[in-house]
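structure.txt follows; it contains compact mmCIF, C-alpha atoms.
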```txt
# COMPACT_ATOMS: atom_id res chain seq x y z
CA MET A 1 -28.41 -26.35 -16.77
CA ILE A 2 -28.21 -26.92 -13.05
CA THR A 3 -31.08 -28.25 -11.01
CA VAL A 4 -32.09 -28.22 -7.34
CA PRO A 5 -30.95 -31.85 -6.74
CA ILE A 6 -27.45 -31.04 -8.05
CA VAL A 7 -27.11 -28.03 -5.75
CA LEU A 8 -28.53 -30.00 -2.82
CA LEU A 9 -25.96 -32.71 -3.47
CA LEU A 10 -23.18 -30.11 -3.48
CA ILE A 11 -24.45 -28.62 -0.24
CA VAL A 12 -24.49 -32.05 1.41
CA PHE A 13 -20.90 -32.66 0.24
CA TYR A 14 -19.96 -29.26 1.61
CA MET A 15 -21.63 -29.99 4.98
CA ILE A 16 -19.78 -33.30 5.30
CA ALA A 17 -16.44 -31.77 4.28
CA SER A 18 -16.71 -28.82 6.66
CA TRP A 19 -18.59 -30.46 9.54
CA LYS A 20 -15.89 -29.70 12.12
CA THR A 21 -15.68 -26.05 11.05
CA MET A 22 -19.46 -25.71 11.17
CA LYS A 23 -19.63 -27.21 14.67
CA ALA A 24 -16.98 -24.83 15.95
CA ALA A 25 -18.42 -21.78 14.16
CA ASN A 26 -19.93 -18.89 16.09
CA LYS A 27 -23.55 -17.82 15.59
CA PRO A 28 -22.98 -15.06 12.99
CA THR A 29 -20.82 -17.40 10.88
CA PHE A 30 -23.42 -20.15 11.07
CA LEU A 31 -26.22 -17.72 10.12
CA THR A 32 -24.20 -16.23 7.23
CA ILE A 33 -23.34 -19.65 5.79
CA SER A 34 -26.93 -20.91 6.17
CA GLY A 35 -28.23 -17.71 4.55
CA ILE A 36 -25.89 -17.98 1.56
CA LEU A 37 -26.77 -21.66 1.02
CA THR A 38 -30.51 -20.92 1.25
CA VAL A 39 -30.18 -18.10 -1.29
CA SER A 40 -28.26 -20.46 -3.60
CA LEU A 41 -31.05 -23.04 -3.39
CA ALA A 42 -33.72 -20.38 -3.96
CA ILE A 43 -31.89 -19.06 -7.06
CA THR A 44 -31.55 -22.58 -8.45
CA ALA A 45 -35.24 -23.30 -7.91
CA PHE A 46 -36.16 -19.97 -9.54
CA ASN A 47 -33.81 -20.63 -12.45
CA GLN A 48 -35.27 -24.10 -12.95
CA MET A 49 -38.87 -22.88 -12.92
CA PHE A 50 -38.45 -19.79 -15.09
CA GLU A 51 -35.44 -20.68 -17.19
CA LYS A 52 -36.35 -18.47 -20.13
CA ALA A 53 -37.92 -15.65 -18.15
CA VAL A 54 -35.29 -13.75 -16.19
CA LYS A 55 -31.52 -13.64 -16.68
CA PRO A 56 -29.90 -10.72 -14.83
CA ALA A 57 -27.33 -10.06 -17.57
CA VAL A 58 -30.06 -9.98 -20.25
CA LEU A 59 -32.15 -7.67 -18.08
CA LEU A 60 -29.19 -5.31 -17.57
CA GLN A 61 -28.50 -5.33 -21.30
CA GLN A 62 -32.09 -4.29 -22.04
CA LEU A 63 -32.00 -1.57 -19.36
CA LEU A 64 -28.63 -0.02 -20.20
CA SER A 65 -28.44 -0.50 -23.96
CA PRO A 66 -30.25 2.78 -24.94
CA PHE A 67 -27.83 4.89 -22.86
CA ILE A 68 -24.57 3.61 -24.35
CA PRO A 69 -23.15 5.79 -27.15
CA PHE A 70 -21.24 2.93 -28.82
CA PRO A 71 -22.60 0.20 -31.11
CA MET B 1 -0.46 -11.05 8.80
CA GLU B 2 -0.21 -12.62 5.37
CA ARG B 3 2.36 -10.97 3.14
CA ILE B 4 2.63 -10.34 -0.60
CA SER B 5 5.87 -9.08 -2.10
CA GLY B 6 6.20 -6.28 -4.67
CA ARG B 7 7.13 -8.78 -7.40
CA GLN B 8 4.05 -10.87 -6.64
CA ILE B 9 1.81 -7.81 -6.81
CA ILE B 10 3.23 -6.97 -10.25
CA LEU B 11 2.47 -10.49 -11.47
CA ILE B 12 -1.02 -10.45 -9.91
CA GLY B 13 -1.82 -7.09 -11.52
CA SER B 14 -0.69 -8.28 -14.92
CA ILE B 15 -2.93 -11.37 -14.83
CA TRP B 16 -5.89 -9.17 -13.84
CA VAL B 17 -5.21 -7.28 -17.08
CA MET B 18 -4.44 -10.27 -19.31
CA ASP B 19 -6.27 -13.44 -18.43
CA SER B 20 -9.98 -12.90 -19.11
CA THR B 21 -9.16 -10.36 -21.81
CA LEU B 22 -7.39 -12.96 -23.92
CA ILE B 23 -10.37 -15.28 -24.32
CA SER B 24 -12.69 -13.40 -26.65
CA LEU B 25 -12.18 -9.63 -26.31
CA PRO B 26 -9.56 -9.28 -29.13
CA ALA B 27 -12.25 -10.26 -31.68
CA GLN B 28 -14.62 -7.55 -30.43
CA MET B 29 -11.85 -4.94 -30.41
CA VAL B 30 -10.73 -5.71 -33.95
CA ARG B 31 -14.35 -5.61 -35.13
CA PHE B 32 -14.48 -1.87 -34.31
CA ALA B 33 -10.90 -0.59 -34.37
CA LYS B 34 -9.55 -2.89 -37.14
CA GLN B 35 -5.73 -2.66 -37.35
CA ASP B 36 -5.62 0.08 -34.65
CA ALA B 37 -7.04 -2.11 -31.88
CA TRP B 38 -3.72 -2.04 -30.03
CA LEU B 39 -3.82 1.77 -29.95
CA SER B 40 -7.14 1.74 -28.12
CA LEU B 41 -5.48 -0.53 -25.53
CA ILE B 42 -2.79 2.10 -24.99
CA MET B 43 -5.47 4.81 -24.59
CA VAL B 44 -7.29 2.77 -21.96
CA ALA B 45 -4.00 1.98 -20.19
CA ALA B 46 -3.30 5.72 -19.86
CA ILE B 47 -6.66 6.25 -18.08
CA ILE B 48 -6.11 3.24 -15.81
CA ALA B 49 -2.61 4.52 -14.94
CA LEU B 50 -4.31 7.68 -13.64
CA VAL B 51 -6.67 5.51 -11.55
CA LEU B 52 -3.70 3.58 -10.11
CA TRP B 53 -1.99 6.86 -9.24
CA CYS B 54 -5.16 8.00 -7.40
CA LEU B 55 -5.30 4.70 -5.49
CA SER B 56 -1.62 4.86 -4.55
CA LYS B 57 -2.27 8.36 -3.13
CA VAL B 58 -5.04 6.90 -0.93
CA HIS B 59 -2.72 4.08 0.18
CA LYS B 60 -0.04 6.58 1.20
CA ARG B 61 -2.55 8.22 3.56
CA PHE B 62 -3.44 4.87 5.17
CA PRO B 63 -0.18 2.91 5.50
CA ASN B 64 -0.39 -0.85 6.18
CA GLN B 65 -4.08 -0.95 5.29
CA ASP B 66 -5.83 -2.23 2.20
CA LEU B 67 -8.62 -0.15 0.67
CA TYR B 68 -11.39 -2.09 2.46
CA ASP B 69 -9.75 -1.34 5.82
CA ALA B 70 -9.10 2.30 4.96
CA LEU B 71 -12.75 2.83 3.95
CA ILE B 72 -14.22 1.22 7.06
CA THR B 73 -11.85 2.83 9.57
CA ARG B 74 -12.40 6.32 8.14
CA TRP B 75 -16.12 6.19 7.29
CA PRO B 76 -17.74 3.43 9.42
CA ARG B 77 -21.16 3.66 7.69
CA ALA B 78 -20.59 5.14 4.22
CA GLY B 79 -17.35 3.12 3.97
CA LYS B 80 -19.33 -0.09 4.47
CA ALA B 81 -21.65 0.91 1.61
CA VAL B 82 -18.63 1.48 -0.68
CA VAL B 83 -17.11 -1.84 0.44
CA PHE B 84 -20.45 -3.53 -0.38
CA ILE B 85 -20.34 -2.00 -3.91
CA TYR B 86 -16.83 -3.39 -4.42
CA VAL B 87 -17.85 -6.83 -3.08
CA LEU B 88 -20.69 -6.89 -5.64
CA PHE B 89 -18.31 -5.72 -8.38
CA PHE B 90 -15.77 -8.47 -7.70
CA ALA B 91 -18.59 -11.02 -7.37
CA VAL B 92 -19.85 -10.17 -10.88
CA ILE B 93 -16.29 -10.45 -12.26
CA LEU B 94 -15.96 -13.81 -10.52
CA ILE B 95 -19.28 -15.09 -11.90
CA ARG B 96 -18.46 -13.88 -15.43
CA ASP B 97 -14.95 -15.40 -15.36
CA ILE B 98 -16.20 -18.77 -14.13
CA ARG B 99 -18.85 -18.93 -16.82
CA THR B 100 -16.37 -17.78 -19.50
CA ILE B 101 -13.74 -20.36 -18.62
CA THR B 102 -16.37 -23.11 -18.29
CA ASP B 103 -17.69 -22.39 -21.78
CA PHE B 104 -14.13 -22.23 -23.12
CA ILE B 105 -13.17 -25.58 -21.54
CA ASN B 106 -16.38 -27.08 -22.92
CA VAL B 107 -15.57 -25.91 -26.46
CA SER B 108 -11.83 -26.53 -26.50
CA LEU B 109 -11.27 -29.68 -24.42
CA LEU B 110 -14.31 -31.38 -22.88
CA GLN B 111 -17.08 -31.22 -25.48
CA LEU B 112 -19.13 -34.09 -24.04
CA THR B 113 -18.88 -33.15 -20.37
CA PRO B 114 -21.88 -31.25 -18.94
CA LEU B 115 -21.17 -27.66 -17.97
CA TRP B 116 -22.24 -28.18 -14.35
CA ILE B 117 -19.60 -30.87 -13.83
CA ILE B 118 -16.83 -28.66 -15.28
CA THR B 119 -17.88 -25.72 -13.07
CA ALA B 120 -18.18 -27.89 -9.95
CA LEU B 121 -14.67 -29.33 -10.42
CA LEU B 122 -13.29 -25.88 -11.12
CA LEU B 123 -14.84 -24.36 -8.02
CA TYR B 124 -13.73 -27.26 -5.82
CA PHE B 125 -10.12 -26.58 -6.83
CA ILE B 126 -10.48 -22.81 -6.40
CA ASN B 127 -12.15 -23.23 -2.98
CA LYS B 128 -9.20 -25.32 -1.79
CA LEU B 129 -6.79 -22.72 -3.17
CA VAL B 130 -8.49 -19.76 -1.49
CA SER B 131 -9.04 -21.56 1.84
CA GLY B 132 -5.23 -21.71 2.14
CA GLY B 133 -5.07 -17.91 2.23
CA ILE B 134 -3.74 -15.24 -0.10
CA GLU B 135 -0.11 -16.24 0.44
CA VAL B 136 -0.74 -19.67 -1.07
CA ILE B 137 -2.34 -18.16 -4.19
CA ALA B 138 0.43 -15.58 -4.47
CA ARG B 139 3.11 -18.29 -4.34
CA MET B 140 1.30 -20.31 -7.00
CA ILE B 141 1.56 -17.46 -9.50
CA GLU B 142 5.34 -17.32 -9.24
CA PHE B 143 5.68 -20.46 -11.33
CA PHE B 144 2.69 -20.34 -13.65
CA ILE B 145 2.66 -16.71 -14.74
CA PRO B 146 6.28 -16.47 -15.97
CA SER B 147 5.74 -19.79 -17.82
CA PHE B 148 2.58 -18.38 -19.38
CA TYR B 149 4.39 -15.23 -20.50
CA PHE B 150 7.17 -17.33 -21.98
CA ILE B 151 4.65 -19.35 -24.01
CA LEU B 152 2.89 -16.14 -25.14
CA LEU B 153 6.21 -14.82 -26.45
CA LEU B 154 6.92 -18.18 -28.09
CA VAL B 155 3.77 -18.08 -30.25
CA PRO B 156 4.91 -15.27 -32.63
CA ALA B 157 8.40 -16.79 -32.78
CA LEU B 158 6.98 -20.13 -33.90
CA SER B 159 4.43 -18.75 -36.34
CA TYR B 160 6.43 -15.94 -38.02
CA LYS B 161 6.25 -17.74 -41.41
CA GLU B 162 2.50 -17.05 -41.53
CA PHE B 163 2.95 -13.27 -40.99
CA ASP B 164 1.52 -10.96 -43.65
CA LEU B 165 2.63 -7.37 -42.99
CA SER B 166 0.01 -5.93 -45.37
CA ARG B 167 -2.65 -6.90 -42.81
CA LEU B 168 -1.38 -4.19 -40.42
CA GLY B 169 -2.16 -1.38 -42.90
CA PRO B 170 -3.23 1.27 -43.54
CA VAL B 171 -0.97 2.39 -40.71
CA PHE B 172 -1.70 6.13 -40.53
CA GLU B 173 -5.47 6.10 -41.14
CA PHE B 174 -6.88 6.33 -37.65
CA GLU B 175 -10.60 5.83 -37.21
CA TRP B 176 -11.10 7.52 -33.83
CA TYR B 177 -14.73 6.46 -33.28
CA GLY B 178 -13.84 2.81 -33.89
CA MET B 179 -10.87 3.09 -31.54
CA ALA B 180 -13.05 4.71 -28.85
CA THR B 181 -15.59 1.88 -29.21
CA ALA B 182 -12.85 -0.76 -28.87
CA GLY B 183 -11.56 1.16 -25.83
CA TRP B 184 -15.05 1.12 -24.30
CA TYR B 185 -15.19 -2.69 -24.66
CA SER B 186 -11.73 -3.22 -23.18
CA PHE B 187 -12.00 -0.67 -20.34
CA SER B 188 -13.80 -2.93 -17.88
CA TYR B 189 -11.25 -5.73 -18.43
CA ILE B 190 -8.09 -3.62 -18.09
CA GLY B 191 -9.61 -1.72 -15.15
CA GLU B 192 -9.88 -4.95 -13.13
CA ILE B 193 -6.28 -4.26 -12.11
CA ILE B 194 -7.66 -2.06 -9.28
CA GLY B 195 -8.16 -5.37 -7.41
CA ILE B 196 -4.53 -5.16 -6.26
CA SER B 197 -5.32 -2.26 -3.94
CA PHE B 198 -7.77 -4.44 -1.96
CA MET B 199 -5.29 -7.18 -1.14
CA TYR B 200 -2.07 -5.30 -0.46
CA SER B 201 -2.04 -4.60 3.26
CA ASN B 202 1.45 -5.48 4.45
CA ALA B 203 2.98 -2.29 3.01
CA THR B 204 1.94 0.75 1.02
CA LEU B 205 0.87 0.05 -2.55
CA GLN B 206 3.43 1.88 -4.65
CA PHE B 207 2.44 3.48 -7.92
CA ARG B 208 5.46 1.97 -9.70
CA HIS B 209 4.28 -1.58 -8.85
CA GLY B 210 0.82 -0.88 -10.24
CA LEU B 211 2.24 0.81 -13.33
CA ALA B 212 4.71 -2.02 -13.96
CA SER B 213 1.95 -4.63 -13.84
CA LEU B 214 -0.29 -2.53 -16.09
CA LEU B 215 2.53 -2.06 -18.63
CA ILE B 216 3.45 -5.76 -18.66
CA GLY B 217 -0.18 -6.74 -19.16
CA VAL B 218 -0.92 -4.16 -21.86
CA LEU B 219 2.33 -4.74 -23.79
CA LEU B 220 1.80 -8.50 -23.85
CA LEU B 221 -1.82 -7.99 -24.92
CA SER B 222 -0.68 -5.65 -27.69
CA GLY B 223 1.84 -8.30 -28.80
CA VAL B 224 -0.96 -10.87 -28.96
CA LEU B 225 -3.12 -8.43 -30.95
CA TRP B 226 -0.31 -7.78 -33.46
CA THR B 227 0.26 -11.52 -33.90
CA LEU B 228 -3.47 -12.07 -34.38
CA LEU B 229 -3.67 -9.25 -36.94
CA LEU B 230 -0.59 -10.46 -38.82
CA ILE B 231 -1.84 -14.03 -39.08
CA LEU B 232 -5.66 -13.92 -39.07
CA GLY B 233 -6.25 -10.38 -40.36
CA THR B 234 -9.05 -7.90 -39.72
CA ASP B 235 -11.60 -9.67 -41.95
CA LEU B 236 -11.50 -13.07 -40.31
CA MET B 237 -10.90 -12.14 -36.66
CA PRO B 238 -14.26 -10.51 -35.77
CA HIS B 239 -16.04 -13.73 -36.77
CA LEU B 240 -14.13 -15.91 -34.29
CA THR B 241 -15.40 -16.54 -30.75
CA TYR B 242 -11.99 -17.57 -29.36
CA PRO B 243 -9.41 -15.96 -31.70
CA VAL B 244 -6.33 -16.62 -29.53
CA TYR B 245 -7.20 -20.30 -29.30
CA GLU B 246 -7.55 -20.43 -33.11
CA LEU B 247 -4.19 -18.68 -33.42
CA VAL B 248 -2.45 -21.19 -31.18
CA ARG B 249 -4.02 -24.04 -33.15
CA GLN B 250 -2.19 -22.71 -36.23
CA VAL B 251 1.17 -23.32 -34.55
CA LYS B 252 2.65 -26.68 -35.45
CA VAL B 253 6.10 -27.58 -34.11
CA THR B 254 7.10 -30.74 -36.00
CA ASP B 255 4.90 -33.86 -35.96
CA PHE B 256 5.70 -34.42 -32.31
CA LEU B 257 4.11 -31.16 -31.17
CA ASP B 258 1.31 -30.78 -33.70
CA ARG B 259 -1.18 -30.13 -30.86
CA PHE B 260 0.71 -27.15 -29.45
CA GLU B 261 -2.54 -25.73 -28.04
CA ILE B 262 -2.63 -28.43 -25.35
CA PRO B 263 0.58 -27.38 -23.47
CA MET B 264 -0.45 -23.75 -24.05
CA VAL B 265 -3.88 -24.32 -22.52
CA ALA B 266 -2.34 -26.40 -19.71
CA ILE B 267 -0.29 -23.37 -18.67
CA TYR B 268 -3.08 -20.85 -19.30
CA PHE B 269 -5.75 -22.57 -17.19
CA PRO B 270 -3.86 -22.41 -13.86
CA THR B 271 -3.27 -18.67 -14.36
CA MET B 272 -6.99 -18.21 -14.98
CA PHE B 273 -7.82 -20.32 -11.90
CA VAL B 274 -5.49 -18.13 -9.85
CA LYS B 275 -7.22 -15.01 -11.15
CA ILE B 276 -10.62 -16.47 -10.24
CA GLY B 277 -9.14 -17.41 -6.85
CA PHE B 278 -8.13 -13.79 -6.26
CA SER B 279 -11.65 -12.60 -7.13
CA LEU B 280 -13.16 -15.13 -4.71
CA TYR B 281 -10.68 -14.04 -2.05
CA LEU B 282 -11.60 -10.37 -2.56
CA VAL B 283 -15.32 -11.15 -2.24
CA CYS B 284 -14.80 -13.14 0.99
CA HIS B 285 -12.28 -10.60 2.33
CA GLY B 286 -14.82 -7.80 1.75
CA MET B 287 -17.54 -9.83 3.49
CA ASN B 288 -15.15 -10.33 6.39
CA ARG B 289 -14.64 -6.57 6.64
CA LEU B 290 -18.42 -6.03 6.61
CA MET B 291 -19.00 -8.82 9.17
CA PRO B 292 -15.77 -9.08 11.20
CA ARG B 293 -16.98 -12.07 13.25
CA VAL B 294 -17.30 -14.22 10.11
CA PRO B 295 -13.85 -15.65 9.25
CA ILE B 296 -12.80 -15.76 5.58
CA ASP B 297 -11.95 -19.47 5.40
CA SER B 298 -15.37 -20.54 6.80
CA VAL B 299 -17.33 -18.54 4.28
CA VAL B 300 -15.31 -19.45 1.14
CA PRO B 301 -17.09 -22.77 0.26
CA ALA B 302 -20.56 -21.25 0.78
CA VAL B 303 -19.72 -18.27 -1.44
CA GLY B 304 -18.31 -20.77 -3.96
CA ILE B 305 -21.69 -22.54 -4.13
CA LEU B 306 -23.52 -19.21 -4.54
CA VAL B 307 -21.16 -18.21 -7.35
CA TYR B 308 -21.64 -21.64 -8.97
CA VAL B 309 -25.40 -21.15 -9.01
CA CYS B 310 -25.18 -17.54 -10.22
CA SER B 311 -22.81 -18.42 -13.09
CA PHE B 312 -25.68 -20.40 -14.65
CA TRP B 313 -28.40 -17.98 -13.66
CA PHE B 314 -26.82 -14.72 -14.85
CA PHE B 315 -26.06 -15.54 -18.50
CA ARG B 316 -28.11 -17.20 -21.23
CA ASP B 317 -25.20 -18.65 -23.23
CA ALA B 318 -21.59 -17.99 -24.31
CA VAL B 319 -22.65 -15.53 -27.04
CA GLN B 320 -24.77 -13.46 -24.66
CA LEU B 321 -21.87 -13.49 -22.18
CA ILE B 322 -19.57 -11.93 -24.81
CA ASP B 323 -22.23 -9.40 -25.91
CA PHE B 324 -22.64 -8.33 -22.28
CA ASN B 325 -19.18 -6.64 -22.45
CA ARG B 326 -20.82 -3.57 -24.01
CA GLU B 327 -23.22 -2.94 -21.13
CA TRP B 328 -20.86 -4.19 -18.40
CA THR B 329 -18.48 -1.25 -18.98
CA ALA B 330 -21.32 1.19 -18.18
CA LEU B 331 -21.52 -0.39 -14.70
CA ALA B 332 -17.82 -1.17 -14.21
CA ILE B 333 -16.77 2.41 -14.93
CA TRP B 334 -18.13 3.45 -11.49
CA PRO B 335 -15.92 1.24 -9.29
CA GLU B 336 -13.01 1.30 -11.75
CA LEU B 337 -12.79 5.02 -12.54
CA ILE B 338 -15.22 7.31 -10.74
CA LEU B 339 -15.00 5.88 -7.19
CA PRO B 340 -11.16 5.75 -7.12
CA ILE B 341 -10.99 9.41 -8.24
CA PHE B 342 -13.61 10.33 -5.62
CA LEU B 343 -11.71 8.42 -2.92
CA SER B 344 -8.40 10.05 -3.82
CA LEU B 345 -10.05 13.46 -3.33
CA PHE B 346 -12.02 12.83 -0.15
CA LEU B 347 -10.71 9.76 1.70
CA ARG B 348 -8.24 11.24 4.17
CA PRO B 349 -7.31 10.23 7.71
CA LYS B 350 -9.02 12.08 10.55
CA GLN B 351 -7.02 15.10 11.69
CA LYS B 352 -6.59 15.27 15.45
CA GLN B 353 -8.20 18.55 16.57
CA THR B 354 -7.14 20.24 19.78
CA ARG B 355 -9.41 22.68 21.57
CA PRO B 356 -8.18 26.31 22.05
CA GLU B 357 -8.07 25.87 25.89
CA GLN B 358 -5.87 22.80 25.48
CA GLN B 359 -3.61 24.72 23.10
CA GLN B 360 -3.18 27.44 25.76
CA GLU B 361 -2.35 24.79 28.38
CA ILE B 362 0.28 23.32 26.11
CA LYS B 363 1.97 26.71 25.53
CA PRO B 364 5.16 26.98 27.60
CA ASP B 365 5.35 29.82 30.19
CA THR B 366 7.78 32.20 28.71
```
Please render this file's structure as structure tokens.
Amino acid sequence: MITVPIVLLLIVFYMIASWKTMKAANKPTFLTISGILTVSLAITAFNQMFEKAVKPAVLLQQLLSPFIPFP
Amino acid sequence: MERISGRQIILIGSIWVMDSTLISLPAQMVRFAKQDAWLSLIMVAAIIALVLWCLSKVHKRFPNQDLYDALITRWPRAGKAVVFIYVLFFAVILIRDIRTITDFINVSLLQLTPLWIITALLLYFINKLVSGGIEVIARMIEFFIPSFYFILLLVPALSYKEFDLSRLGPVFEFEWYGMATAGWYSFSYIGEIIGISFMYSNATLQFRHGLASLLIGVLLLSGVLWTLLLILGTDLMPHLTYPVYELVRQVKVTDFLDRFEIPMVAIYFPTMFVKIGFSLYLVCHGMNRLMPRVPIDSVVPAVGILVYVCSFWFFRDAVQLIDFNREWTALAIWPELILPIFLSLFLRPKQKQTRPEQQQEIKPDT
């Protein structure tokens, strides 16, 4: 199980490791990277709060299972 | 431009076929097709060969371009939508492979280490690998993959005393429904070989390269299936989560090498990391084609973190991950079979049209 502090720690490590690249990056790159990291944090928070509620693979299994002709 | 040779593309294609398939799929296949599981592999390989032929036709029409480039240059809007579908497809493969290998490492080697530490270390290594570019990954395979194939061929040679030929029978009683079910489960794994057409841009992807890699992968997989059937049999195999690992544990080469699975796993893991690296590269490469101002190497670590998070979010546990193979084929069949056939029919370069007045001007005065 991963938690928000673990992902935050990873993001901080990533920021330190790629500081020079981030400083030199153009605006679209900066926005894309920030967007991806924000989505990662949001998913982690969601996963932590509703651990047993929604798993995409389980959801897909429930949706597709009736249409598959094999056991 | 980064270059990949024909030999490298054959090796890359064969690990797309082999690596993830080896972990737990043989048990599922034998559960349905029993002793004919290898035949269902051949059936699937025939369909995938047709897909590779379709893709090589598309490549011939767009020389020196990979499929991402061909799609976007020909259809700027619809092409981007198809590229987005492929980026999602490779992202799901990446997430599934990372979670599979993490669970496998946790069971086989590092039982007390938390999963999140194993995944973080794995992704750190893969990020470094992919940041170096596709040439670095392609060079890495030249050592590890032949060594891995050598070890795979060594296993039956070392364990032939355990063979029981009666476990391969009845030979001529084919249960077609069982074979079709096993084929359904293996289709999404073997079809991952289409990844080669998204990374091969320095020359035209030739059908013979794709076919050679498919044949190497499928023949080696069939060899592993025969060995598994001869040693473990059809009754025991479906109950094992990691049958190949159990098979390798049976091999004992003197007292000195009684843990033969450790050198085997030490060679297998780098090949799996390379395969995951290729998936990560294809995701970032596709994003770069969708957003040309975002360079691949800048976006790799961020995508790595997203994949890390998703590998825990997507699947409940290792058992659910293996069960998901049944439904995954229903989704994977679109990018692996239907889209390539569609593209081979309709993705053609723009024909230069000349107006009738221009044609008259061009005509010589005779």
Inset, instruction - Could you please tell me, as a list of chain:residue names, which residues of chain A have an atom within 7 Å of chain B when using only C-alpha atoms? - result: A:Met1, A:Ile2, A:Thr21, A:Pro28, A:Thr29, A:Ile33, A:Ile36, A:Leu37, A:Ser40, A:Thr44, A:Asn47, A:Lys55, A:Pro56, A:Ala57, A:Gln61, A:Leu64, A:Ser65, A:Phe70
Legend entry - Atomic separation - CA of Leu290 in chain B relative to CA of Lys23 in chain A, Å: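 Here the two named atoms are 22.7 Å from each other.
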Legend entry - Å distance separating CA of Leu60 in chain A from CA of Ile118 in chain B, one decimal place: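 Those two atoms sit 26.5 Å apart.
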Inset, instruction - May I have the residues at most 7 Å from (-0.8, -11.4, -42.1) in the file's coordinates, counting only C-alpha atoms, as a PyMOL selection string? - result: chain B and resi 162-167+229-233
Pull C-alpha atoms from the residues just selected and write them as an mmCIF file, keeping the file's coordinate frame.
```cif
data_model
loop_
_atom_site.group_PDB
_atom_site.id
_atom_site.type_symbol
_atom_site.label_atom_id
_atom_site.label_comp_id
_atom_site.auth_asym_id
_atom_site.auth_seq_id
_atom_site.Cartn_x
_atom_site.Cartn_y
_atom_site.Cartn_z
ATOM 1 C CA GLU B 162 2.500 -17.050 -41.530
ATOM 2 C CA PHE B 163 2.950 -13.270 -40.990
ATOM 3 C CA ASP B 164 1.520 -10.960 -43.650
ATOM 4 C CA LEU B 165 2.630 -7.370 -42.990
ATOM 5 C CA SER B 166 0.010 -5.930 -45.370
ATOM 6 C CA ARG B 167 -2.650 -6.900 -42.810
ATOM 7 C CA LEU B 229 -3.670 -9.250 -36.940
ATOM 8 C CA LEU B 230 -0.590 -10.460 -38.820
ATOM 9 C CA ILE B 231 -1.840 -14.030 -39.080
ATOM 10 C CA LEU B 232 -5.660 -13.920 -39.070
ATOM 11 C CA GLY B 233 -6.250 -10.380 -40.360
#
```
Inset, instruction - Give as a list in words every residue, naming chains and numbers as the document does, that has an atom within 10 Å of (-6.7, -19.0, -27.5), counting all atoms listed in the file. - result: Leu22, Ile23, Ser24, Phe104, Ser108, Thr241, Tyr242, Pro243, Val244, Tyr245, Glu246, Leu247, Val248, Arg249, Glu261, Met264, Val265 and Tyr268 of chain B
Inset, instruction - Tell me, as a PyMOL selection string, which residues lie within 10 Å of Thr271 in chain B, counting all atoms listed in the file; anything in the same chain fewer than 3 positions away does not count. - result: chain B and resi 12+15-16+18-19+140-141+143-148+265-268+274-277
Using C-alpha atoms, can you write the selected residues to a file as a PDB file, in the frame of the given file?
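Result file is selection.pdb:
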```
ATOM      1  CA  ILE B  12      -1.020 -10.450  -9.910  1.00  0.00           C
ATOM      2  CA  ILE B  15      -2.930 -11.370 -14.830  1.00  0.00           C
ATOM      3  CA  TRP B  16      -5.890  -9.170 -13.840  1.00  0.00           C
ATOM      4  CA  MET B  18      -4.440 -10.270 -19.310  1.00  0.00           C
ATOM      5  CA  ASP B  19      -6.270 -13.440 -18.430  1.00  0.00           C
ATOM      6  CA  MET B 140       1.300 -20.310  -7.000  1.00  0.00           C
ATOM      7  CA  ILE B 141       1.560 -17.460  -9.500  1.00  0.00           C
ATOM      8  CA  PHE B 143       5.680 -20.460 -11.330  1.00  0.00           C
ATOM      9  CA  PHE B 144       2.690 -20.340 -13.650  1.00  0.00           C
ATOM     10  CA  ILE B 145       2.660 -16.710 -14.740  1.00  0.00           C
ATOM     11  CA  PRO B 146       6.280 -16.470 -15.970  1.00  0.00           C
ATOM     12  CA  SER B 147       5.740 -19.790 -17.820  1.00  0.00           C
ATOM     13  CA  PHE B 148       2.580 -18.380 -19.380  1.00  0.00           C
ATOM     14  CA  VAL B 265      -3.880 -24.320 -22.520  1.00  0.00           C
ATOM     15  CA  ALA B 266      -2.340 -26.400 -19.710  1.00  0.00           C
ATOM     16  CA  ILE B 267      -0.290 -23.370 -18.670  1.00  0.00           C
ATOM     17  CA  TYR B 268      -3.080 -20.850 -19.300  1.00  0.00           C
ATOM     18  CA  VAL B 274      -5.490 -18.130  -9.850  1.00  0.00           C
ATOM     19  CA  LYS B 275      -7.220 -15.010 -11.150  1.00  0.00           C
ATOM     20  CA  ILE B 276     -10.620 -16.470 -10.240  1.00  0.00           C
ATOM     21  CA  GLY B 277      -9.140 -17.410  -6.850  1.00  0.00           C
TER      22      GLY B 277
END
```
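CA of Ser159 in chain B is positioned 5.9 Å from CA of Val251 in chain B.
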Legend entry - Of the listed residues A:Lys20, A:Leu59, A:Tyr14, A:Val7, that which approaches Ile43 in chain A most closely, counting only C-alpha atoms: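 Of the candidates, the smallest distance to Ile43 in chain A is held by A:Val7.
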Inset, instruction - Return the single residue from A:Met22, A:Ile11, A:Leu63, A:Ala17 that is closest to Thr38 in chain A, with distances computed using only C-alpha atoms. - result: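 When distances to Thr38 in chain A are compared using only C-alpha atoms, the smallest one comes from A:Ile11.
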Legend entry - Given only C-alpha atoms as the counted atoms, nearest of B:Pro170, B:Pro349, B:Pro335, B:Gly79 to Phe62 in chain B: B:Pro349
Inset, instruction - Can you work out which one of A:Thr3, A:Asn26, A:Ser34, A:Ser18 has the shortest atom-to-atom distance to Gln48 in chain A, counting all atoms listed in the file? - result: A:Thr3
Legend entry - Who sits within 9 Å of Ala91 in chain B, all atoms listed in the file, same chain under 3 positions skipped, as a list of chain:residue names: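 My list of contacting residues is B:Tyr86, B:Val87, B:Leu88, B:Leu94, B:Ile95, B:Arg96, B:Ser279, B:Leu280, B:Leu282, B:Val283, B:Val307.
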